[in-house]
>>> print(open('input-v5.pdb').read())   # PDB, C-alpha atoms and all ligand atoms
ATOM      1  CA  MET A   1     -30.714  26.759 -48.706
ATOM      2  CA  LEU A   2     -27.688  28.956 -48.099
ATOM      3  CA  ASP A   3     -29.413  30.445 -45.029
ATOM      4  CA  LYS A   4     -29.972  26.934 -43.719
ATOM      5  CA  CYS A   5     -26.334  26.030 -44.423
ATOM      6  CA  VAL A   6     -25.182  28.992 -42.349
ATOM      7  CA  ARG A   7     -27.793  28.580 -39.604
ATOM      8  CA  ASP A   8     -27.281  24.852 -39.020
ATOM      9  CA  GLN A   9     -23.505  24.850 -38.576
ATOM     10  CA  TRP A  10     -22.187  23.106 -35.459
ATOM     11  CA  THR A  11     -18.804  22.111 -34.064
ATOM     12  CA  VAL A  12     -17.241  18.860 -32.904
ATOM     13  CA  GLY A  13     -17.115  20.395 -29.427
ATOM     14  CA  ASP A  14     -20.938  20.623 -29.338
ATOM     15  CA  LEU A  15     -20.959  16.884 -28.670
ATOM     16  CA  ASP A  16     -20.332  15.675 -25.131
ATOM     17  CA  TRP A  17     -17.331  13.381 -25.572
ATOM     18  CA  SER A  18     -17.167  12.483 -21.887
ATOM     19  CA  LEU A  19     -19.651   9.596 -22.294
ATOM     20  CA  ALA A  20     -18.080   6.263 -21.394
ATOM     21  CA  PRO A  21     -17.673   3.855 -24.319
ATOM     22  CA  PRO A  22     -19.737   0.658 -24.059
ATOM     23  CA  ALA A  23     -18.057  -2.695 -23.360
ATOM     24  CA  LEU A  24     -17.970  -4.365 -26.780
ATOM     25  CA  PRO A  25     -16.759  -7.867 -27.615
ATOM     26  CA  ARG A  26     -13.386  -7.803 -29.392
ATOM     27  CA  ASP A  27     -14.766  -8.657 -32.819
ATOM     28  CA  LYS A  28     -17.349  -5.888 -32.621
ATOM     29  CA  GLU A  29     -14.947  -3.306 -31.230
ATOM     30  CA  GLU A  30     -12.475  -3.936 -34.050
ATOM     31  CA  ALA A  31     -15.225  -3.729 -36.684
ATOM     32  CA  VAL A  32     -16.660  -0.497 -35.262
ATOM     33  CA  VAL A  33     -13.283   1.235 -34.984
ATOM     34  CA  GLN A  34     -12.332   0.165 -38.512
ATOM     35  CA  TYR A  35     -15.631   1.423 -39.964
ATOM     36  CA  PHE A  36     -15.326   4.800 -38.281
ATOM     37  CA  THR A  37     -11.713   5.012 -39.512
ATOM     38  CA  ASP A  38     -12.924   4.383 -43.068
ATOM     39  CA  MET A  39     -15.856   6.744 -42.585
ATOM     40  CA  ALA A  40     -13.375   9.579 -41.975
ATOM     41  CA  GLY A  41     -11.827   8.797 -45.376
ATOM     42  CA  ILE A  42     -15.204   8.737 -47.133
ATOM     43  CA  GLU A  43     -16.222  12.051 -45.564
ATOM     44  CA  ARG A  44     -12.945  13.638 -46.739
ATOM     45  CA  LEU A  45     -13.522  12.257 -50.220
ATOM     46  CA  ALA A  46     -17.021  13.787 -50.179
ATOM     47  CA  GLY A  47     -15.436  17.073 -49.076
ATOM     48  CA  ALA A  48     -13.013  16.988 -52.015
ATOM     49  CA  LEU A  49     -15.928  16.373 -54.405
ATOM     50  CA  PHE A  50     -17.823  19.379 -53.077
ATOM     51  CA  ALA A  51     -14.653  21.497 -53.276
ATOM     52  CA  ALA A  52     -14.477  20.608 -56.988
ATOM     53  CA  GLN A  53     -18.160  21.526 -57.394
ATOM     54  CA  ALA A  54     -17.546  24.837 -55.604
ATOM     55  CA  ARG A  55     -14.648  25.637 -57.970
ATOM     56  CA  LYS A  56     -16.821  24.921 -61.004
ATOM     57  CA  ALA A  57     -19.985  26.685 -59.862
ATOM     58  CA  THR A  58     -20.568  30.010 -61.591
ATOM     59  CA  ASP A  59     -23.500  31.067 -59.418
ATOM     60  CA  PRO A  60     -22.170  32.723 -56.224
ATOM     61  CA  THR A  61     -24.964  31.318 -54.005
ATOM     62  CA  LEU A  62     -24.386  27.807 -55.249
ATOM     63  CA  ARG A  63     -20.637  28.254 -54.774
ATOM     64  CA  ALA A  64     -21.212  29.357 -51.168
ATOM     65  CA  ILE A  65     -23.509  26.360 -50.556
ATOM     66  CA  PHE A  66     -20.884  23.933 -51.855
ATOM     67  CA  ALA A  67     -18.201  25.686 -49.794
ATOM     68  CA  SER A  68     -20.347  25.130 -46.678
ATOM     69  CA  PHE A  69     -20.631  21.431 -47.610
ATOM     70  CA  VAL A  70     -16.825  21.206 -47.699
ATOM     71  CA  VAL A  71     -16.801  22.479 -44.117
ATOM     72  CA  ASP A  72     -19.575  19.991 -43.171
ATOM     73  CA  GLU A  73     -17.712  16.992 -44.599
ATOM     74  CA  GLU A  74     -14.450  17.900 -42.846
ATOM     75  CA  ARG A  75     -16.402  18.171 -39.584
ATOM     76  CA  HIS A  76     -17.930  14.732 -40.254
ATOM     77  CA  ALA A  77     -14.436  13.348 -40.895
ATOM     78  CA  VAL A  78     -13.147  14.728 -37.586
ATOM     79  CA  VAL A  79     -16.211  13.347 -35.756
ATOM     80  CA  ALA A  80     -15.626   9.927 -37.375
ATOM     81  CA  GLU A  81     -12.008   9.974 -36.187
ATOM     82  CA  ARG A  82     -13.111  10.942 -32.690
ATOM     83  CA  LEU A  83     -15.696   8.139 -32.710
ATOM     84  CA  ALA A  84     -13.006   5.677 -33.828
ATOM     85  CA  ARG A  85     -10.850   6.734 -30.867
ATOM     86  CA  HIS A  86     -13.868   6.712 -28.553
ATOM     87  CA  TYR A  87     -14.698   3.066 -29.295
ATOM     88  CA  ASP A  88     -11.046   1.925 -29.439
ATOM     89  CA  ALA A  89     -11.204   1.029 -25.735
ATOM     90  CA  HIS A  90      -8.871  -1.988 -25.755
ATOM     91  CA  ARG A  91      -6.356  -0.845 -28.406
ATOM     92  CA  TRP A  92      -6.467  -4.349 -29.880
ATOM     93  CA  ARG A  93      -4.534  -3.188 -32.928
ATOM     94  CA  THR A  94      -3.735  -0.127 -34.994
ATOM     95  CA  TYR A  95      -6.317   0.892 -37.572
ATOM     96  CA  THR A  96      -5.551   2.300 -41.000
ATOM     97  CA  MET A  97      -7.838   3.356 -43.794
ATOM     98  CA  ALA A  98      -8.952   0.623 -46.218
ATOM     99  CA  PRO A  99      -6.377   0.371 -49.065
ATOM    100  CA  ALA A 100      -9.247   0.128 -51.603
ATOM    101  CA  LEU A 101     -10.429   3.575 -50.495
ATOM    102  CA  ILE A 102      -6.953   5.073 -50.851
ATOM    103  CA  ALA A 103      -6.578   3.484 -54.306
ATOM    104  CA  PHE A 104      -9.986   4.706 -55.499
ATOM    105  CA  ARG A 105      -9.727   8.292 -54.302
ATOM    106  CA  PRO A 106      -7.416   9.900 -56.932
ATOM    107  CA  HIS A 107      -9.310   8.229 -59.793
ATOM    108  CA  PHE A 108     -12.649   9.416 -58.486
ATOM    109  CA  LEU A 109     -11.340  12.959 -58.086
ATOM    110  CA  ARG A 110     -10.002  12.917 -61.659
ATOM    111  CA  VAL A 111     -13.424  11.906 -62.972
ATOM    112  CA  ILE A 112     -15.056  14.721 -61.042
ATOM    113  CA  GLU A 113     -12.541  17.132 -62.580
ATOM    114  CA  LEU A 114     -12.723  15.842 -66.175
ATOM    115  CA  ALA A 115     -16.105  14.211 -66.749
ATOM    116  CA  PRO A 116     -19.217  16.173 -67.798
ATOM    117  CA  PRO A 117     -20.969  17.619 -64.747
ATOM    118  CA  GLU A 118     -24.027  15.347 -64.968
ATOM    119  CA  ILE A 119     -21.809  12.246 -64.736
ATOM    120  CA  ALA A 120     -19.800  13.668 -61.843
ATOM    121  CA  ASN A 121     -23.048  14.584 -60.092
ATOM    122  CA  ALA A 122     -24.541  11.120 -60.690
ATOM    123  CA  TYR A 123     -21.618   9.533 -58.823
ATOM    124  CA  ILE A 124     -21.738  12.096 -56.027
ATOM    125  CA  THR A 125     -25.484  11.567 -55.574
ATOM    126  CA  ALA A 126     -25.150   7.781 -55.611
ATOM    127  CA  GLY A 127     -22.245   7.944 -53.148
ATOM    128  CA  GLU A 128     -24.113  10.162 -50.717
ATOM    129  CA  LEU A 129     -27.210   7.955 -50.867
ATOM    130  CA  MET A 130     -25.109   4.866 -50.118
ATOM    131  CA  LEU A 131     -23.356   6.646 -47.285
ATOM    132  CA  ASP A 132     -26.348   8.359 -45.678
ATOM    133  CA  VAL A 133     -29.210   5.963 -46.326
ATOM    134  CA  ALA A 134     -27.276   2.718 -45.940
ATOM    135  CA  LEU A 135     -23.849   2.829 -44.302
ATOM    136  CA  LEU A 136     -24.138   5.429 -41.543
ATOM    137  CA  ARG A 137     -27.591   4.311 -40.502
ATOM    138  CA  SER A 138     -26.605   0.618 -40.355
ATOM    139  CA  LEU A 139     -23.381   1.436 -38.524
ATOM    140  CA  ASP A 140     -25.225   3.571 -35.968
ATOM    141  CA  ASP A 141     -27.747   0.776 -35.310
ATOM    142  CA  TYR A 142     -24.921  -1.750 -35.012
ATOM    143  CA  VAL A 143     -22.970   0.328 -32.489
ATOM    144  CA  GLY A 144     -26.215   0.934 -30.598
ATOM    145  CA  ASP A 145     -24.655   3.595 -28.392
ATOM    146  CA  GLU A 146     -25.637   7.087 -27.308
ATOM    147  CA  MET A 147     -22.371   8.750 -28.398
ATOM    148  CA  SER A 148     -22.784   7.502 -31.966
ATOM    149  CA  HIS A 149     -26.535   8.311 -31.985
ATOM    150  CA  ARG A 150     -25.920  11.936 -31.019
ATOM    151  CA  ALA A 151     -23.131  12.393 -33.575
ATOM    152  CA  MET A 152     -25.148  10.750 -36.356
ATOM    153  CA  HIS A 153     -28.155  12.912 -35.587
ATOM    154  CA  LEU A 154     -26.150  16.069 -36.259
ATOM    155  CA  ILE A 155     -24.441  14.548 -39.301
ATOM    156  CA  ASN A 156     -27.809  13.507 -40.764
ATOM    157  CA  ARG A 157     -29.093  17.038 -40.465
ATOM    158  CA  ASP A 158     -26.169  18.234 -42.633
ATOM    159  CA  GLU A 159     -26.608  15.350 -45.046
ATOM    160  CA  SER A 160     -30.266  16.188 -45.696
ATOM    161  CA  ARG A 161     -29.009  19.516 -47.156
ATOM    162  CA  HIS A 162     -26.368  17.743 -49.228
ATOM    163  CA  ILE A 163     -28.878  15.306 -50.701
ATOM    164  CA  ALA A 164     -31.334  18.125 -51.454
ATOM    165  CA  ILE A 165     -28.622  19.873 -53.508
ATOM    166  CA  ASP A 166     -27.442  16.607 -55.112
ATOM    167  CA  PHE A 167     -30.999  16.048 -56.370
ATOM    168  CA  HIS A 168     -31.375  19.698 -57.358
ATOM    169  CA  MET A 169     -28.207  19.451 -59.478
ATOM    170  CA  THR A 170     -29.518  16.223 -61.007
ATOM    171  CA  GLU A 171     -32.629  18.133 -62.063
ATOM    172  CA  VAL A 172     -30.620  21.084 -63.415
ATOM    173  CA  TYR A 173     -28.200  18.931 -65.453
ATOM    174  CA  ALA A 174     -31.116  17.003 -66.972
ATOM    175  CA  SER A 175     -33.178  20.103 -67.781
ATOM    176  CA  ASP A 176     -34.075  21.306 -71.266
ATOM    177  CA  GLN A 177     -32.433  24.632 -70.470
ATOM    178  CA  PHE A 178     -29.083  23.120 -69.493
ATOM    179  CA  LEU A 179     -29.040  20.848 -72.549
ATOM    180  CA  ALA A 180     -29.954  23.754 -74.849
ATOM    181  CA  GLU A 181     -27.191  25.931 -73.397
ATOM    182  CA  ARG A 182     -24.703  23.138 -73.799
ATOM    183  CA  ARG A 183     -25.618  22.716 -77.463
ATOM    184  CA  LEU A 184     -24.697  26.366 -78.018
ATOM    185  CA  ARG A 185     -21.231  25.966 -76.498
ATOM    186  CA  PRO A 186     -18.429  24.482 -78.604
ATOM    187  CA  ALA A 187     -17.827  20.837 -77.744
ATOM    188  CA  PRO A 188     -14.728  20.272 -75.607
ATOM    189  CA  PRO A 189     -11.660  19.272 -77.646
ATOM    190  CA  LEU A 190     -11.465  15.579 -78.505
ATOM    191  CA  ALA A 191      -8.306  15.160 -76.396
ATOM    192  CA  ASP A 192     -10.151  16.460 -73.312
ATOM    193  CA  ARG A 193     -13.081  14.148 -73.918
ATOM    194  CA  ALA A 194     -10.694  11.221 -74.354
ATOM    195  CA  ARG A 195      -8.981  12.106 -71.067
ATOM    196  CA  GLY A 196     -12.388  12.238 -69.361
ATOM    197  CA  ALA A 197     -13.398   8.856 -70.769
ATOM    198  CA  ALA A 198     -10.057   7.305 -69.771
ATOM    199  CA  ALA A 199     -10.441   8.664 -66.242
ATOM    200  CA  LEU A 200     -13.916   7.135 -66.025
ATOM    201  CA  VAL A 201     -12.696   3.707 -67.164
ATOM    202  CA  GLN A 202      -9.803   3.799 -64.668
ATOM    203  CA  MET A 203     -12.091   4.843 -61.850
ATOM    204  CA  LEU A 204     -14.559   2.077 -62.595
ATOM    205  CA  TRP A 205     -11.755  -0.465 -62.338
ATOM    206  CA  TYR A 206     -11.092   0.630 -58.757
ATOM    207  CA  ALA A 207     -14.764   1.115 -57.948
ATOM    208  CA  GLN A 208     -15.753  -2.479 -57.261
ATOM    209  CA  PRO A 209     -13.060  -3.218 -54.617
ATOM    210  CA  PHE A 210     -13.821   0.189 -53.084
ATOM    211  CA  LEU A 211     -17.569  -0.429 -53.061
ATOM    212  CA  ARG A 212     -17.063  -3.822 -51.494
ATOM    213  CA  ALA A 213     -14.517  -2.887 -48.813
ATOM    214  CA  VAL A 214     -16.010   0.415 -47.761
ATOM    215  CA  PHE A 215     -19.749  -0.026 -48.313
ATOM    216  CA  LEU A 216     -20.968  -3.556 -48.984
ATOM    217  CA  ASP A 217     -18.837  -5.571 -46.518
ATOM    218  CA  PRO A 218     -19.461  -3.191 -43.593
ATOM    219  CA  ILE A 219     -23.170  -3.011 -44.450
ATOM    220  CA  ASP A 220     -23.365  -6.815 -44.648
ATOM    221  CA  LYS A 221     -21.946  -6.997 -41.154
ATOM    222  CA  THR A 222     -23.978  -4.172 -39.644
ATOM    223  CA  ASP A 223     -27.283  -4.809 -41.475
ATOM    224  CA  PRO A 224     -27.318  -8.498 -42.499
ATOM    225  CA  SER A 225     -30.928  -8.168 -43.733
ATOM    226  CA  GLY A 226     -29.625  -5.980 -46.595
ATOM    227  CA  ARG A 227     -32.657  -3.748 -46.172
ATOM    228  CA  ARG A 228     -30.786  -0.448 -46.084
ATOM    229  CA  ILE A 229     -28.461  -1.071 -49.008
ATOM    230  CA  ARG A 230     -31.439  -2.093 -51.165
ATOM    231  CA  GLU A 231     -33.227   1.052 -50.009
ATOM    232  CA  ALA A 232     -30.251   3.235 -51.048
ATOM    233  CA  PHE A 233     -29.919   1.618 -54.484
ATOM    234  CA  LYS A 234     -33.662   1.786 -55.011
ATOM    235  CA  ARG A 235     -33.455   5.580 -54.563
ATOM    236  CA  ILE A 236     -30.652   5.717 -57.130
ATOM    237  CA  GLN A 237     -32.643   3.630 -59.609
ATOM    238  CA  LEU A 238     -35.805   5.700 -59.152
ATOM    239  CA  VAL A 239     -34.163   9.097 -59.705
ATOM    240  CA  ALA A 240     -32.419   7.682 -62.808
ATOM    241  CA  ARG A 241     -35.864   6.892 -64.207
ATOM    242  CA  LYS A 242     -37.220  10.408 -63.970
ATOM    243  CA  PRO A 243     -37.951  11.118 -67.672
ATOM    244  CA  THR A 244     -35.516  14.042 -68.046
ATOM    245  CA  VAL A 245     -32.714  12.078 -66.330
ATOM    246  CA  ALA A 246     -33.452   8.823 -68.162
ATOM    247  CA  ARG A 247     -32.952  10.515 -71.553
ATOM    248  CA  LEU A 248     -29.322  11.492 -70.826
ATOM    249  CA  PRO A 249     -26.790   9.308 -72.673
ATOM    250  CA  PHE A 250     -25.026   8.247 -69.455
ATOM    251  CA  THR A 251     -28.277   7.188 -67.776
ATOM    252  CA  ARG A 252     -29.470   5.408 -70.927
ATOM    253  CA  PHE A 253     -26.186   3.498 -70.973
ATOM    254  CA  MET A 254     -26.471   2.546 -67.288
ATOM    255  CA  ILE A 255     -30.111   1.423 -67.608
ATOM    256  CA  THR A 256     -29.226  -0.666 -70.690
ATOM    257  CA  MET A 257     -26.362  -2.271 -68.728
ATOM    258  CA  GLN A 258     -28.716  -2.995 -65.843
ATOM    259  CA  ASP A 259     -31.228  -4.616 -68.208
ATOM    260  CA  LEU A 260     -28.451  -6.732 -69.753
ATOM    261  CA  ILE A 261     -27.137  -7.868 -66.367
ATOM    262  CA  ASN A 262     -30.661  -8.908 -65.346
ATOM    263  CA  HIS A 263     -31.499 -10.485 -68.700
ATOM    264  CA  PRO A 264     -32.366 -14.183 -68.289
ATOM    265  CA  VAL A 265     -30.107 -15.297 -71.168
ATOM    266  CA  ALA A 266     -27.439 -12.587 -71.568
ATOM    267  CA  GLY A 267     -27.165 -11.857 -67.834
ATOM    268  CA  PRO A 268     -25.438 -15.057 -66.742
ATOM    269  CA  ILE A 269     -22.982 -14.838 -69.685
ATOM    270  CA  VAL A 270     -21.906 -11.179 -69.721
ATOM    271  CA  GLY A 271     -23.202  -9.994 -66.343
ATOM    272  CA  GLY A 272     -19.990 -10.678 -64.413
ATOM    273  CA  VAL A 273     -17.769  -8.800 -66.856
ATOM    274  CA  LEU A 274     -20.198  -5.880 -67.107
ATOM    275  CA  LEU A 275     -20.441  -5.623 -63.335
ATOM    276  CA  ARG A 276     -16.653  -5.597 -63.020
ATOM    277  CA  MET A 277     -16.478  -2.856 -65.655
ATOM    278  CA  LEU A 278     -19.235  -0.815 -64.058
ATOM    279  CA  GLY A 279     -17.955  -1.270 -60.533
ATOM    280  CA  GLY A 280     -21.123  -2.852 -59.195
ATOM    281  CA  GLU A 281     -22.441  -6.083 -57.783
ATOM    282  CA  ARG A 282     -25.333  -8.171 -59.002
ATOM    283  CA  ARG A 283     -27.555  -7.647 -55.972
ATOM    284  CA  VAL A 284     -27.470  -3.858 -56.321
ATOM    285  CA  ALA A 285     -27.925  -4.073 -60.096
ATOM    286  CA  ALA A 286     -31.200  -5.958 -59.660
ATOM    287  CA  ARG A 287     -34.372  -3.977 -60.264
ATOM    288  CA  LEU A 288     -35.180  -2.921 -56.696
ATOM    289  CA  PHE A 289     -38.400  -0.953 -57.125
ATOM    290  CA  THR A 290     -41.984  -2.054 -57.702
ATOM    291  CA  ALA A 291     -44.271  -0.691 -60.440
ATOM    292  CA  ASP A 292     -46.173   1.271 -57.768
ATOM    293  CA  GLU A 293     -42.985   2.815 -56.405
ATOM    294  CA  LEU A 294     -41.987   3.848 -59.921
ATOM    295  CA  THR A 295     -45.361   5.498 -60.564
ATOM    296  CA  ARG A 296     -45.153   7.289 -57.243
ATOM    297  CA  ALA A 297     -41.600   8.524 -57.890
ATOM    298  CA  GLN A 298     -42.495   9.746 -61.392
ATOM    299  CA  ALA A 299     -45.218  11.940 -59.928
ATOM    300  CA  MET A 300     -42.846  13.520 -57.379
ATOM    301  CA  SER A 301     -40.642  16.585 -57.811
ATOM    302  CA  PHE A 302     -36.875  16.232 -57.358
ATOM    303  CA  GLU A 303     -37.201  18.075 -54.075
ATOM    304  CA  GLU A 304     -39.826  15.604 -52.868
ATOM    305  CA  LEU A 305     -37.633  12.708 -53.993
ATOM    306  CA  ALA A 306     -34.719  14.111 -51.971
ATOM    307  CA  ASP A 307     -36.914  14.558 -48.876
ATOM    308  CA  ASP A 308     -38.243  11.061 -49.344
ATOM    309  CA  ALA A 309     -34.721   9.618 -49.586
ATOM    310  CA  VAL A 310     -33.615  11.389 -46.437
ATOM    311  CA  GLY A 311     -36.803  10.345 -44.667
ATOM    312  CA  ALA A 312     -35.978   6.751 -45.584
ATOM    313  CA  LYS A 313     -33.121   6.927 -43.089
ATOM    314  CA  PHE A 314     -35.531   7.353 -40.226
ATOM    315  CA  ASN A 315     -37.791   4.416 -41.051
TER     316      ASN A 315
HETATM  317 FE    FE B 401     -20.889  13.766 -44.617
HETATM  318 FE    FE B 402     -22.545  14.729 -47.535
END
>>> encode(input="input-v5.pdb", output="C-alpha cells")
Amino acid sequence: MLDKCVRDQWTVGDLDWSLAPPALPRDKEEAVVQYFTDMAGIERLAGALFAAQARKATDPTLRAIFASFVVDEERHAVVAERLARHYDAHRWRTYTMAPALIAFRPHFLRVIELAPPEIANAYITAGELMLDVALLRSLDDYVGDEMSHRAMHLINRDESRHIAIDFHMTEVYASDQFLAERRLRPAPPLADRARGAAALVQMLWYAQPFLRAVFLDPIDKTDPSGRRIREAFKRIQLVARKPTVARLPFTRFMITMQDLINHPVAGPIVGGVLLRMLGGERRVAARLFTADELTRAQAMSFEELADDAVGAKFN
C-alpha cells in the first residue's frame, strides 16, 4: 500500500486547466461553485483527520501511509478550489464555506483526538464513504463537464487507497488481537474518558446541520433519485454488521438506535430526538440492505468490501 501511495502521487498541474468552462444557467453555476467551495473544506477536514491518525500510529509504514493521505487530501482541496474558480464564470456572488462545516470541524477534530480509535475510525470511514461514493460522484455527474471528470478521476484513484485503509483499520480495531491487547493496558483515567464522551456529544449536536448542508442538500440537488446516498449508507450499514465489528459497544449502540428509530411503535415517538442526538436523518437510518446483500457482505473480507464500495462509484 505504501508503494502505491508513493507511486500514484500527482500534482494539480497535471490537469489541463485551459479547458473552457461550460455555459451554465445561473442557478446551476451558483450551486456548482458553492459545492466545490465546500468540497475544499471537507477535503481539508479529511486531511486533518489523517494527520491525527498519522500522529497516533505506532507502525512506521502505517504512519507513512497516513502522511501520504494528508498530502492527497490537501491536493484534493486545492483542486476543489481551482474547480470552484473554473466554474465561477459569471462571478454572480462571492462564495464562502458553509457555516455548518466551519462549526462542525473543531468538534469533529476533538473527537478524533479524544475518542477511542475505533470510534474515530468509524466516523472517518463513514465520512469518506459519503464523500466518495455519494457526494463527489453525484456532483461530477451534475456538472457533466470534462474538467470535473478528469479531476474526479484522479481524486477517485487516491480515494480508493483511503477507503482500503479505512476498512483495514476497521478490521484491526475490531480484531480479537486488538481487543486482547487493550484489555492488558490500564484503562484511561475517568476524566479523559469523560472528556472523550463530552466531545462526542458536542460533535453529534453539530453533526446534523453539517450532514444536511454539506452532504444531503447538495446530493438531493445533484442526484434527486437518492440512489448514491443510499448506496453510501448501505456500505456503512453492511460493514457495521460484520460480526467482529457488530460486537463492539459503539456499533451495538448504533445498531440498537437504528432499530429503535425504525421500530413501528417506538420509532415515531422517539425517532426524531434520537436522530437529532445521533446527527442523522430518518432516510439514512432506514435499513438499506437486503437479506441477500447482507449474506454476501458477511462472506467477504474487509479488503473485498472496500473494493466493492469503491467499485460502487463506477456503477
Ligand atoms: Fe479526498
Ligand atoms: Fe480521502
>>> closest_residue(input="input-v5.pdb", among="A:Val6, A:Met97, A:Leu45, A:Ala31", to="ligand FE 401 (chain B)", atoms="all atoms listed in the file")
A:Leu45
>>> residues_near_point(input="input-v5.pdb", point="(-16.0, -7.1, -29.3)", cutoff="12 Å", atoms="only C-alpha atoms", output="list in words")
Pro22, Ala23, Leu24, Pro25, Arg26, Asp27, Lys28, Glu29, Glu30, Ala31, Val32, Val33, Tyr87, Asp88, Ala89, His90, Arg91, Trp92, Tyr142 and Val143 of chain A
>>> residues_near_ligand(input="input-v5.pdb", ligand="ligand FE 402 (chain B)", cutoff="7 Å", atoms="only C-alpha atoms and all ligand atoms", output="ChimeraX atom specification")
/A:46,69,73,128,159,162
>>> residues_around(input="input-v5.pdb", residues="stretch 56-62 of chain A", least_positions_apart="4", cutoff="8 Å", atoms="all atoms listed in the file", output="CSV table (one decimal) with C-alpha atoms, in the frame of the given file")
chain,number,residue,atom,x,y,z
A,2,LEU,CA,-27.7,29.0,-48.1
A,52,ALA,CA,-14.5,20.6,-57.0
A,66,PHE,CA,-20.9,23.9,-51.9
>>> closest_atom_pairs(input="input-v5.pdb", of="chain A", to="ligand FE 401 (chain B)", cutoff="10 Å", atoms="all atoms listed in the file", output="JSON lines")
{"residue": "A:Met39", "atom": "CA", "partner": "B:FE401", "partner_atom": "FE", "distance": 8.9}
{"residue": "A:Ala40", "atom": "CA", "partner": "B:FE401", "partner_atom": "FE", "distance": 9.0}
{"residue": "A:Ile42", "atom": "CA", "partner": "B:FE401", "partner_atom": "FE", "distance": 8.0}
{"residue": "A:Glu43", "atom": "CA", "partner": "B:FE401", "partner_atom": "FE", "distance": 5.1}
{"residue": "A:Arg44", "atom": "CA", "partner": "B:FE401", "partner_atom": "FE", "distance": 8.2}
{"residue": "A:Leu45", "atom": "CA", "partner": "B:FE401", "partner_atom": "FE", "distance": 9.4}
{"residue": "A:Ala46", "atom": "CA", "partner": "B:FE401", "partner_atom": "FE", "distance": 6.8}
{"residue": "A:Gly47", "atom": "CA", "partner": "B:FE401", "partner_atom": "FE", "distance": 7.8}
{"residue": "A:Phe69", "atom": "CA", "partner": "B:FE401", "partner_atom": "FE", "distance": 8.2}
{"residue": "A:Val70", "atom": "CA", "partner": "B:FE401", "partner_atom": "FE", "distance": 9.0}
{"residue": "A:Val71", "atom": "CA", "partner": "B:FE401", "partner_atom": "FE", "distance": 9.6}
{"residue": "A:Asp72", "atom": "CA", "partner": "B:FE401", "partner_atom": "FE", "distance": 6.5}
{"residue": "A:Glu73", "atom": "CA", "partner": "B:FE401", "partner_atom": "FE", "distance": 4.5}
{"residue": "A:Glu74", "atom": "CA", "partner": "B:FE401", "partner_atom": "FE", "distance": 7.9}
{"residue": "A:Arg75", "atom": "CA", "partner": "B:FE401", "partner_atom": "FE", "distance": 8.1}
{"residue": "A:His76", "atom": "CA", "partner": "B:FE401", "partner_atom": "FE", "distance": 5.4}
{"residue": "A:Ala77", "atom": "CA", "partner": "B:FE401", "partner_atom": "FE", "distance": 7.5}
{"residue": "A:Ala80", "atom": "CA", "partner": "B:FE401", "partner_atom": "FE", "distance": 9.7}
{"residue": "A:Glu128", "atom": "CA", "partner": "B:FE401", "partner_atom": "FE", "distance": 7.8}
{"residue": "A:Leu131", "atom": "CA", "partner": "B:FE401", "partner_atom": "FE", "distance": 8.0}
{"residue": "A:Asp132", "atom": "CA", "partner": "B:FE401", "partner_atom": "FE", "distance": 7.8}
{"residue": "A:Leu136", "atom": "CA", "partner": "B:FE401", "partner_atom": "FE", "distance": 9.5}
{"residue": "A:Met152", "atom": "CA", "partner": "B:FE401", "partner_atom": "FE", "distance": 9.8}
{"residue": "A:Ile155", "atom": "CA", "partner": "B:FE401", "partner_atom": "FE", "distance": 6.4}
{"residue": "A:Asn156", "atom": "CA", "partner": "B:FE401", "partner_atom": "FE", "distance": 7.9}
{"residue": "A:Arg157", "atom": "CA", "partner": "B:FE401", "partner_atom": "FE", "distance": 9.8}
{"residue": "A:Asp158", "atom": "CA", "partner": "B:FE401", "partner_atom": "FE", "distance": 7.2}
{"residue": "A:Glu159", "atom": "CA", "partner": "B:FE401", "partner_atom": "FE", "distance": 5.9}
{"residue": "A:Ser160", "atom": "CA", "partner": "B:FE401", "partner_atom": "FE", "distance": 9.7}
{"residue": "A:His162", "atom": "CA", "partner": "B:FE401", "partner_atom": "FE", "distance": 8.2}
>>> atom_distance(input="input-v5.pdb", atom1="atom CA of A:Ile219", atom2="atom CA of A:Asp307")
22.7 Å
>>> closest_residue(input="input-v5.pdb", among="A:Ala100, A:Leu288, A:Ile124, A:Ala207", to="A:Leu275", atoms="all atoms listed in the file")
A:Ala207
>>> axis_aligned_box(input="input-v5.pdb", around="stretch 231-234 of chain A", padding_each_side="5 Å", output="JSON")
{"center_x": -31.8, "center_y": 2.1, "center_z": -52.5, "size_x": 13.7, "size_y": 12.2, "size_z": 15.0}
>>> residues_around(input="input-v5.pdb", residues="A:Met257", least_positions_apart="2", cutoff="9 Å", atoms="all atoms listed in the file", output="PyMOL selection string")
chain A and resi 252-255+259-262+271+274-275+278+285
>>> resolve_selection(input="input-v5.pdb", expression="the PyMOL selection byres (((chain A and resi 17) around 12) and not hetatm)", output="list in words")
Val12, Gly13, Asp14, Leu15, Asp16, Ser18, Leu19, Ala20, Pro21, Val79, Arg82, Leu83, Arg85, His86, Tyr87, Glu146, Met147, Ser148, Arg150 and Ala151 of chain A
>>> atom_distance(input="input-v5.pdb", atom1="atom CA of A:Val133", atom2="atom CA of A:Arg227")
10.3 Å
>>> resolve_selection(input="input-v5.pdb", expression="the PyMOL selection byres (((chain A and resi 119) around 10) and not hetatm)", output="PyMOL selection string")
chain A and resi 111-112+114-118+120-125+170+173+200+248-251
>>> resolve_selection(input="input-v5.pdb", expression="the PyMOL selection byres (((chain A and resi 98) around 10) and not hetatm)", output="count of residues only")
17
